[in-house]
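With compact mmCIF, C-alpha atoms and all ligand atoms inside, this is data-v8.txt:
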```
# COMPACT_ATOMS: atom_id res chain seq x y z
CA MET A 1 0.00 0.00 0.00
CA PRO A 2 1.62 3.26 -1.08
CA ASN A 3 2.01 5.76 1.65
CA PHE A 4 -0.28 8.56 0.54
CA ASN A 5 -0.62 11.65 2.60
CA TRP A 6 -4.32 11.95 3.40
CA GLU A 7 -3.93 15.11 5.39
CA VAL A 8 -6.19 17.92 4.23
CA LYS A 9 -5.04 21.44 3.59
CA ARG A 10 -6.75 24.66 2.73
CA CYS A 11 -6.15 26.40 -0.58
CA SER A 12 -5.18 29.99 0.03
CA ARG A 13 -7.05 31.16 -3.03
CA CYS A 14 -10.34 29.28 -3.22
CA HIS A 15 -10.31 28.33 0.50
CA ARG A 16 -11.45 24.77 -0.15
CA TRP A 17 -10.24 21.99 2.13
CA LEU A 18 -8.65 19.40 -0.09
CA ALA A 19 -6.56 16.25 0.27
CA LEU A 20 -2.92 17.26 0.35
CA GLU A 21 -1.57 14.48 -1.86
CA TRP A 22 -3.94 14.80 -4.78
CA CYS A 23 -5.19 18.32 -4.89
CA PHE A 24 -2.16 20.55 -4.34
CA ALA A 25 0.37 21.34 -6.99
CA ARG A 26 3.95 20.56 -6.08
CA ASP A 27 6.35 23.45 -5.96
CA ARG A 28 10.01 22.65 -5.62
CA SER A 29 10.82 26.18 -4.55
CA ARG A 30 8.90 25.72 -1.29
CA GLY A 31 10.41 23.91 1.63
CA ASP A 32 7.43 21.67 2.22
CA GLY A 33 7.33 20.72 -1.45
CA LEU A 34 3.71 21.74 -1.70
CA HIS A 35 2.17 24.85 -3.09
CA HIS A 36 -0.32 26.61 -0.89
CA ARG A 37 -2.68 26.86 -3.84
CA CYS A 38 -4.68 23.92 -5.11
CA ARG A 39 -4.01 22.50 -8.57
CA GLU A 40 -6.97 24.25 -10.16
CA CYS A 41 -6.06 27.62 -8.76
CA SER A 42 -2.42 27.35 -9.74
CA ALA A 43 -3.47 26.27 -13.24
CA ASP A 44 -5.63 29.37 -13.45
CA LEU A 45 -2.77 31.51 -12.30
CA LYS A 46 -0.47 29.97 -14.87
CA ALA A 47 -2.98 30.73 -17.61
CA VAL A 48 -3.32 34.31 -16.38
CA HIS A 49 0.43 34.65 -16.22
CA TYR A 50 0.75 33.24 -19.71
CA GLU A 51 -1.83 35.65 -21.10
CA ALA A 52 -0.05 38.58 -19.47
CA ASN A 53 3.39 37.55 -20.70
CA LYS A 54 2.41 35.92 -23.97
CA LYS A 55 4.70 38.08 -26.07
CA GLU A 56 7.72 37.30 -23.93
CA TYR A 57 6.91 33.60 -23.90
CA ARG A 58 6.59 33.52 -27.67
CA VAL A 59 9.90 35.33 -28.10
CA ARG A 60 11.59 32.87 -25.76
CA LEU A 61 10.05 29.91 -27.57
CA ARG A 62 11.13 31.37 -30.89
CA GLN A 63 14.69 31.85 -29.59
CA ARG A 64 14.82 28.31 -28.29
CA TYR A 65 13.53 27.06 -31.64
CA GLU A 66 16.06 29.12 -33.59
CA ALA A 67 18.95 27.94 -31.41
CA ASN A 68 17.81 24.38 -31.81
CA LYS A 69 17.33 24.79 -35.53
CA ALA A 70 20.89 25.97 -36.01
CA LYS A 71 22.16 23.07 -33.92
CA ILE A 72 20.17 20.56 -35.92
CA ALA A 73 21.21 22.11 -39.23
CA ALA A 74 24.85 21.97 -38.13
CA ARG A 75 24.44 18.32 -37.26
CA TYR A 76 23.00 17.64 -40.70
CA ARG A 77 25.71 19.62 -42.43
CA ALA A 78 28.32 17.55 -40.63
CA ARG A 79 27.07 14.53 -42.55
CA PRO A 80 28.39 14.25 -46.09
CA MET A 81 25.94 14.89 -48.93
CA VAL A 82 24.80 11.76 -50.67
CA THR A 83 26.55 10.94 -53.96
CA ALA A 84 24.81 9.84 -57.13
CA GLU A 85 26.34 6.36 -56.75
CA ARG A 86 25.10 5.98 -53.19
CA LEU A 87 21.67 7.27 -54.15
CA ARG A 88 21.33 4.84 -57.04
CA GLU A 89 22.55 2.04 -54.84
CA LEU A 90 19.91 2.73 -52.19
CA LEU A 91 16.90 3.92 -54.15
CA THR A 92 15.31 3.79 -57.56
CA TYR A 93 13.68 6.81 -59.16
CA ASP A 94 10.93 6.34 -61.71
CA PRO A 95 10.97 9.38 -64.03
CA LYS A 96 7.43 8.59 -65.21
CA THR A 97 5.83 8.72 -61.75
CA GLY A 98 8.47 10.83 -60.01
CA ILE A 99 8.51 8.43 -57.07
CA PHE A 100 11.49 7.05 -55.18
CA ARG A 101 11.42 3.48 -53.94
CA ASP A 102 13.86 1.44 -51.97
CA ARG A 103 15.29 -1.85 -53.20
CA ASP A 104 12.29 -3.72 -51.78
CA GLY A 105 9.91 -1.55 -53.77
CA ALA A 106 8.60 0.40 -50.78
CA LEU A 107 7.74 4.07 -51.21
CA ILE A 108 10.33 6.36 -49.65
CA GLY A 109 9.84 9.76 -48.04
CA ALA A 110 6.79 11.88 -47.38
CA VAL A 111 5.19 15.15 -48.38
CA TYR A 112 5.89 17.73 -45.71
CA ARG A 113 3.85 20.73 -44.71
CA ASP A 114 5.66 23.02 -47.13
CA GLY A 115 4.42 20.77 -49.95
CA TYR A 116 7.80 19.27 -50.83
CA TRP A 117 8.49 15.57 -50.89
CA ARG A 118 11.38 14.90 -48.50
CA ILE A 119 13.60 11.86 -48.18
CA TYR A 120 16.11 11.08 -45.45
CA ILE A 121 19.28 9.37 -46.59
CA ASP A 122 21.92 8.41 -44.04
CA GLY A 123 20.25 10.68 -41.51
CA ARG A 124 20.18 13.77 -43.67
CA PRO A 125 17.03 15.24 -45.23
CA TYR A 126 16.79 16.04 -48.94
CA ARG A 127 14.03 17.45 -51.08
CA ALA A 128 13.10 14.70 -53.49
CA HIS A 129 13.17 16.88 -56.62
CA ARG A 130 16.84 17.64 -56.00
CA LEU A 131 17.54 13.94 -55.55
CA ALA A 132 15.70 13.28 -58.82
CA TRP A 133 18.09 15.65 -60.57
CA LEU A 134 21.10 13.98 -58.95
CA TYR A 135 19.76 10.56 -59.90
CA GLN A 136 19.14 11.46 -63.53
CA LYS A 137 22.09 13.74 -64.21
CA GLY A 138 24.71 12.41 -61.82
CA GLU A 139 25.27 15.84 -60.27
CA TRP A 140 23.47 18.29 -57.99
CA PRO A 141 21.29 20.88 -59.73
CA PRO A 142 23.32 24.02 -60.53
CA ASN A 143 20.61 26.32 -59.18
CA GLU A 144 17.02 25.94 -58.16
CA ILE A 145 14.56 23.48 -59.61
CA ASP A 146 11.18 24.65 -60.81
CA HIS A 147 8.09 22.45 -60.77
CA ARG A 148 6.38 23.34 -64.06
CA ASP A 149 2.84 22.70 -62.76
CA LEU A 150 3.58 24.32 -59.36
CA ASP A 151 2.82 21.03 -57.57
CA ARG A 152 5.83 20.71 -55.29
CA ALA A 153 5.19 17.03 -54.73
CA ASN A 154 4.97 16.21 -58.43
CA ASN A 155 8.53 15.12 -59.16
CA ARG A 156 7.93 13.52 -62.54
CA TRP A 157 11.00 14.17 -64.64
CA THR A 158 8.96 16.10 -67.24
CA ASN A 159 7.70 18.39 -64.48
CA LEU A 160 11.16 19.45 -63.33
CA ARG A 161 13.37 22.07 -64.92
CA ALA A 162 16.41 23.97 -63.79
CA ALA A 163 15.70 27.61 -63.03
CA ALA A 164 17.65 30.63 -61.97
CA ASN A 165 16.18 32.28 -58.90
CA GLY A 166 14.21 34.92 -60.81
CA GLN A 167 12.79 32.35 -63.19
CA ASN A 168 11.54 30.20 -60.36
CA HIS A 169 9.79 33.18 -58.82
CA ALA A 170 8.23 33.99 -62.18
CA ASN A 171 6.41 30.69 -62.12
CA THR A 172 3.91 31.56 -59.39
CA ARG A 173 0.24 32.29 -59.17
CA ALA A 174 -1.33 35.58 -58.18
CA ARG A 175 -0.51 36.38 -54.57
CA VAL A 176 -3.02 35.82 -51.80
CA ASP A 177 -3.28 39.57 -51.19
CA ASN A 178 -4.00 40.28 -54.84
CA GLN A 179 -7.49 41.76 -54.66
CA LEU A 180 -8.52 41.04 -58.25
CA GLY A 181 -6.89 37.62 -58.29
CA VAL A 182 -5.23 38.56 -61.58
CA LYS A 183 -1.45 38.46 -61.44
CA GLY A 184 0.27 41.78 -62.08
CA VAL A 185 -2.97 43.75 -62.17
CA ARG A 186 -4.63 46.00 -59.65
CA LEU A 187 -7.44 48.49 -59.62
CA GLY A 188 -6.27 52.08 -59.76
CA PRO A 189 -7.96 54.99 -57.95
CA ASP A 190 -9.49 56.19 -61.24
CA GLY A 191 -11.24 52.85 -61.89
CA LYS A 192 -8.71 51.79 -64.49
CA PHE A 193 -6.58 48.70 -64.25
CA LEU A 194 -2.90 49.14 -63.55
CA ALA A 195 -0.38 46.57 -64.74
CA ARG A 196 3.02 46.25 -63.14
CA ILE A 197 5.78 43.72 -63.00
CA ARG A 198 8.61 43.12 -60.57
CA ILE A 199 11.89 42.06 -62.12
CA ASP A 200 14.92 41.53 -59.90
CA HIS A 201 13.17 43.32 -57.01
CA LYS A 202 12.50 46.36 -59.19
CA GLU A 203 8.96 47.38 -59.89
CA ARG A 204 8.09 48.49 -63.42
CA HIS A 205 4.79 50.11 -64.29
CA LEU A 206 3.31 48.91 -67.55
CA GLY A 207 0.55 51.51 -67.76
CA SER A 208 -3.16 51.70 -67.00
CA PHE A 209 -5.80 49.96 -69.08
CA PRO A 210 -9.60 50.18 -69.42
CA THR A 211 -10.11 46.42 -68.97
CA ILE A 212 -8.63 43.68 -66.81
CA GLU A 213 -7.88 41.61 -69.89
CA ALA A 214 -5.78 44.34 -71.49
CA ALA A 215 -3.82 44.91 -68.29
CA SER A 216 -3.28 41.18 -67.83
CA ALA A 217 -2.09 40.87 -71.44
CA ALA A 218 0.41 43.67 -70.87
CA TYR A 219 1.72 41.85 -67.81
CA ALA A 220 1.88 38.56 -69.72
CA ALA A 221 3.90 40.13 -72.54
CA ALA A 222 6.37 41.72 -70.11
CA ALA A 223 6.74 38.47 -68.15
CA LYS A 224 7.28 36.49 -71.32
CA ALA A 225 9.96 38.94 -72.42
CA ALA A 226 11.73 38.74 -69.05
CA TRP A 227 11.46 35.06 -68.21
CA GLY A 228 10.46 33.25 -71.40
CA GLU A 229 8.92 29.84 -70.79
CA TYR A 230 9.10 30.32 -67.02
CA ALA A 231 6.56 33.14 -67.07
CA ARG A 232 3.14 32.41 -65.66
CA ALA A 233 0.39 34.95 -66.29
CA GLY A 234 -3.29 35.41 -67.06
CA ALA A 235 -5.61 32.43 -66.52
CA ASP A 236 -2.70 30.11 -65.69
CA ALA A 237 -1.75 32.33 -62.78
CA ARG A 238 -5.21 32.43 -61.28
CA ARG A 239 -5.18 31.51 -57.64
CA GLU A 240 -6.56 28.04 -56.97
CA GLN A 241 -9.63 27.98 -54.78
CA ALA A 242 -8.85 26.15 -51.56
ZN ZN B 1 -7.86 26.64 -4.90
```
Mind turning the file's structure into structure tokens?
Amino acid sequence: MPNFNWEVKRCSRCHRWLALEWCFARDRSRGDGLHHRCRECSADLKAVHYEANKKEYRVRLRQRYEANKAKIAARYRARPMVTAERLRELLTYDPKTGIFRDRDGALIGAVYRDGYWRIYIDGRPYRAHRLAWLYQKGEWPPNEIDHRDLDRANNRWTNLRAAANGQNHANTRARVDNQLGVKGVRLGPDGKFLARIRIDHKERHLGSFPTIEAASAAYAAAAKAAWGEYARAGADARREQA
């Protein structure tokens, strides 16, 4: 029979008499090892304290996360990057489906919250589209890789293409804060439609137009001129309804 302490004690906040062992929160800072507030009251106080200091808590959590992140990243970086030979030895990549399998035919990796398919090899995480490039070409991609259809988990070989940074950013849909939902177009104060394009962080105004279509066409032409096949404009750039 465990030796429970059945003594009762009074909570200094709600003034209820409660069994010492079960109903009082432990507090290491106190000599008797028991808080003078009951569990419920101290939980309330904690919640109140959290609400009052939420900002500080969040900052501290963020700092802890950042510190941890750096540590984890350093640990990963300490491991050597996988070579094409090692990759081909461990996994097979099917260019038609874009899926990696191990030697037993089991699917490898998972789609993470950022939409990318990730695979761990020898304890180090890789995005699967970069592994696909390594597998097919025998070397790491020189720059970024663009998913043609914008589906980050679709790693079919035909869906992947090498892209410089600007090109990859050209292949996006209208932003969430775009009020018209038409990429590169916004409503001006005079009721006309303004077209603009951002190239290498520089904004260029393409003029104002009486219709959305005309403004969108102006954007499409400018994007095509700047980024060629990587440009995405007009209906193709419409935001998908969630
Ligand atoms: Zn209480």
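The two atoms in question, CA of Gln136 (chain A) and CA of Asn171 (chain A), are spaced 23.1 Å apart.
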Collect all residues with atoms no farther than 6 Å from ligand ZN 1 (chain B), counting all atoms listed in the file, and output them as a list in words.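 Residues satisfying the distance criterion: Cys11, Arg13, Cys14, Arg37, Cys38, Glu40 and Cys41 of chain A.
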Put those residues in a file: C-alpha atoms, as a compact mmCIF listing (two decimals), in the frame of the given file.
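Done, and the output landed in again.txt:
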```txt
# COMPACT_ATOMS: atom_id res chain seq x y z
CA CYS A 11 -6.15 26.40 -0.58
CA ARG A 13 -7.05 31.16 -3.03
CA CYS A 14 -10.34 29.28 -3.22
CA ARG A 37 -2.68 26.86 -3.84
CA CYS A 38 -4.68 23.92 -5.11
CA GLU A 40 -6.97 24.25 -10.16
CA CYS A 41 -6.06 27.62 -8.76
```
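With only C-alpha atoms as the atoms that count, the residue of A:Thr83, A:Ser216, A:Gln167, A:Asn53 with the shortest distance to Ala233 (chain A) is A:Ser216.
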Residues within 10 Å of Asn154 (chain A), please, as a list in words. Count all atoms listed in the file; anything in the same chain fewer than 4 positions from it doesn't count. Thr97, Gly98, Ile99, Gly115, Tyr116, Trp117, Ala128, His129, His147, Arg148, Asp149, Leu150, Thr158, Asn159 and Leu160 of chain A
Nearest to Ala78 (chain A) by atom-to-atom distance, counting only C-alpha atoms, from A:Asp122, A:Glu229, A:Asp104, A:Asp146: A:Asp122
Kindly compute an axis-aligned box around the listed atoms of region 71-84 of chain A, allowing 5 Å on each side, and express its centre and edge lengths in Å to one decimal as AutoDock Vina command-line options.
```
--center_x 24.3 --center_y 16.5 --center_z -45.5 --size_x 18.2 --size_y 23.2 --size_z 33.2
```
For the atom pair CA of Asp102 (chain A) and CA of Tyr120 (chain A), what is the interatomic distance in Å to one decimal place?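 Distance between the two atoms: 11.9 Å.
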Using Å and a single decimal, report how far CA of Asn68 (chain A) sits from CA of Met81 (chain A).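 Between CA of Met81 (chain A) and CA of Asn68 (chain A) the gap is 21.2 Å.
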Of the listed residues A:Ser12, A:Asn168, A:Asn178, A:Asn143, that which approaches Ile199 (chain A) most closely, counting all atoms listed in the file: A:Asn168
Using all atoms listed in the file, find the one residue out of A:Ala52, A:Ala235, A:Ala73, A:Ala84 that sits nearest to Tyr135 (chain A). A:Ala84
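Shortest separation to His169 (chain A) among A:Phe209, A:Arg232, A:Arg124, A:Ala220 occurs at residue A:Arg232, atoms counted being only C-alpha atoms.
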Out of A:Gly123, A:Gly166, A:Pro210, A:Gly228, which residue has the shortest atom-to-atom distance to Arg198 (chain A) when counting all atoms listed in the file? A:Gly166
